[in-house]
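Here the structure comes first, spelled out in structure tokens, and everything after it is commentary.
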Amino acid sequence: MSGSTNSETSLKDVTGANLPILLSQKLRQCMKCFDFSDAMADMSGKERKQQTLMEICDFLTAPPKPSPLSNETVVATLIEMVALNLFKQPITVTEEACEDEEPALDPSYAHTQLVYEILLRFVTSSEVDSALMRKYINYDFILKVLGAFDTEDPRAREYLKTILHRIYGRFMTYRLAIRKAINNTFFRFVYEDAKHAGIGELLEILGSIINGFALPLKEEHKFFLNKYLMPLHKPSTMMGYHPQLCYCVVQFCEKDEALIEDIVKNLIKWWPQQNSNKEVNFINELEEILEIIGEREFENVLEPLFRCIGRCIRGLHFQDCSLASIPSP
């Protein structure tokens, strides 16, 4: 095949210089975003796009050598297609919706799932030169990925979590910037607008990052704990992400027991007064911390800790009373 390519041609049937041309054509085909509020609208167009996305996805599983992903035009077109499909207005979550059992699912997920998969296969591909990838997976793109976490669809958040984690692992130069961007998200969530669906997934990423921190801990990591992580105990929606938050806090305790005293005192300072369910979460977290606390740190928090536990025992909520027992350090 020479000269030109037809976008209806299969990627498996093309080789050589025509392959990047055809792949770019198919990527451009997928830039059109359909209205899924009406399931019956333009069904043939939606089906064609889904089939094309599936073809691209399968192709990226084992691209031929030399890979068309080494072609800058292909990379630029792929990133543009991803941005047009994924970085639209997300399905945001309200503070009241955090308590709902059923999240709002994205009706266009039949398409976006495949786009997420294409992006994931791209960022993990060994066929793409890292310098070329870094040109398009840049800081602006990473901020858009972080912004997309604020969607109520848990399927999308799970993909975004994996993608951002892979970017963090591949590009050391972006690691500090990614952590700072996540910190800014936490700060806005705590102090400006406590409505964000993706806090739990971001904490899962950070839990893995914290686990890899070298000892002794850097001051910037301790600053992150005090300034950005511990304040996440304040919002009333904390129950929605508390398991991930607790894991991150316990990771810090295990890495440096000297941090435990301030952590316990902060928990006592922010102890919920009118939310029994949140109080149960605090007690469970405190129990995990006290299982690893050293004798000296325990003595330093003994008095305020027992005053706090005493208030729980005198409380009216039966779970607070039954859970409020202190393990021996």
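Note on naming: chains are A, B, ... as they come in the structure tokens, residues start from 1 per chain, ligands start from 1 in the order shown.
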If you run DSSP on the backbone, which residues of stretch 20-268 of chain A are helix (DSSP H, G or I), as a ChimeraX atom specification? /A:20-29,43-61,68-70,72-86,96-99,109-123,130-136,139-148,154-170,172-191,199-211,219-233,236-240,242-255,257-268
Counting only C-alpha atoms, give me one row per residue of stretch 103-184 of chain A with an atom at most 7 Å from an atom of stretch 34-55 of chain A, showing the shortest contact pair and its distance in Å to one decimal, sorted by chain then residue number, as JSON lines.
{"residue": "A:Pro107", "atom": "CA", "partner": "A:Phe36", "partner_atom": "CA", "distance": 5.8}
{"residue": "A:Ser108", "atom": "CA", "partner": "A:Phe36", "partner_atom": "CA", "distance": 5.7}
{"residue": "A:His111", "atom": "CA", "partner": "A:Gln50", "partner_atom": "CA", "distance": 5.9}
{"residue": "A:Leu114", "atom": "CA", "partner": "A:Leu53", "partner_atom": "CA", "distance": 6.1}
Would you save the residues of that selection, restricted to C-alpha atoms, as a PDB file, in the first residue's frame?
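Writing done, so here's part.pdb:
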ATOM      1  CA  PRO A 107     -23.147   7.327  30.351  1.00  0.00           C
ATOM      2  CA  SER A 108     -20.278   7.741  27.870  1.00  0.00           C
ATOM      3  CA  HIS A 111     -16.076   5.174  24.942  1.00  0.00           C
ATOM      4  CA  LEU A 114     -11.328   2.530  25.949  1.00  0.00           C
TER       5      LEU A 114
END
Neighbours of A:Ile142 within 12 Å (only C-alpha atoms; same-chain residues fewer than 6 positions away dropped), as number ranges by chain? A: 79, 83, 87, 123, 134-136, 148-149, 160-161, 163-168, 171, 174-175, 177-182
Grab the residues selected above and save them as a JSON list (two decimals), in the first residue's frame with C-alpha atoms.
[["chain", "number", "residue", "atom", "x", "y", "z"],
["A", 79, "ILE", "CA", -2.69, 13.02, 23.36],
["A", 83, "ALA", "CA", -7.69, 15.25, 26.13],
["A", 87, "PHE", "CA", -10.83, 16.23, 30.15],
["A", 123, "VAL", "CA", 2.25, 5.70, 29.30],
["A", 134, "ARG", "CA", 7.64, 13.86, 28.39],
["A", 135, "LYS", "CA", 7.03, 16.52, 25.75],
["A", 136, "TYR", "CA", 3.32, 15.65, 25.67],
["A", 148, "ALA", "CA", -10.44, 14.57, 36.16],
["A", 149, "PHE", "CA", -10.38, 12.74, 39.51],
["A", 160, "LEU", "CA", -6.99, 7.66, 36.61],
["A", 161, "LYS", "CA", -5.35, 6.34, 39.78],
["A", 163, "ILE", "CA", -2.45, 6.10, 35.06],
["A", 164, "LEU", "CA", -1.17, 8.79, 37.44],
["A", 165, "HIS", "CA", 0.73, 6.18, 39.44],
["A", 166, "ARG", "CA", 2.43, 4.92, 36.27],
["A", 167, "ILE", "CA", 3.38, 8.48, 35.28],
["A", 168, "TYR", "CA", 4.79, 9.06, 38.77],
["A", 171, "PHE", "CA", 9.15, 10.24, 35.35],
["A", 174, "TYR", "CA", 7.57, 15.05, 37.84],
["A", 175, "ARG", "CA", 7.37, 13.44, 41.25],
["A", 177, "ALA", "CA", 5.31, 18.46, 41.10],
["A", 178, "ILE", "CA", 2.71, 15.67, 41.31],
["A", 179, "ARG", "CA", 2.91, 15.59, 45.11],
["A", 180, "LYS", "CA", 2.54, 19.37, 45.28],
["A", 181, "ALA", "CA", -0.46, 19.29, 42.93],
["A", 182, "ILE", "CA", -2.12, 16.63, 45.10]]
With stretch 292-302 of chain A as the partner and 8 Å as the cut-off, tabulate the residues of stretch 183-279 of chain A that qualify, each row holding the nearest pair of atoms and their distance in Å to one decimal, using only C-alpha atoms, sorted by chain and rising number, as a Markdown table.
| residue | atom | partner | partner_atom | distance |
| --- | --- | --- | --- | --- |
| A:Cys253 | CA | A:Ile292 | CA | 7.6 |
| A:Glu254 | CA | A:Ile292 | CA | 7.2 |
| A:Glu257 | CA | A:Ile293 | CA | 6.7 |
| A:Ala258 | CA | A:Glu297 | CA | 7.3 |
| A:Ile260 | CA | A:Glu297 | CA | 6.9 |
| A:Glu261 | CA | A:Glu297 | CA | 5.6 |
| A:Val264 | CA | A:Val301 | CA | 7.2 |
| A:Lys265 | CA | A:Val301 | CA | 7.0 |
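The coordinates place atom CA of A:Leu86 at 22.6 Å from atom CA of A:Asn71.
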Of the candidates A:Pro272, A:Gly212, A:Gly207, A:Gly200, which shows the shortest atom-to-atom distance to A:His242, using only C-alpha atoms?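 Comparing A:Pro272, A:Gly212, A:Gly207, A:Gly200 against A:His242, the winner is A:Gly200.
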Best match for closeness to A:Phe187 among A:Glu152, A:Trp271, A:Asn226, A:Leu143, counting only C-alpha atoms: A:Asn226
Expressed in Å to a single decimal, how great is the separation between atom CA of A:Tyr247 and atom CA of A:Glu204?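 Computing it gives 8.5 Å between the two atoms.
Atom CA of A:Cys248 to atom CA of A:Ile209 spans 9.3 Å [interatomic distance, one decimal].
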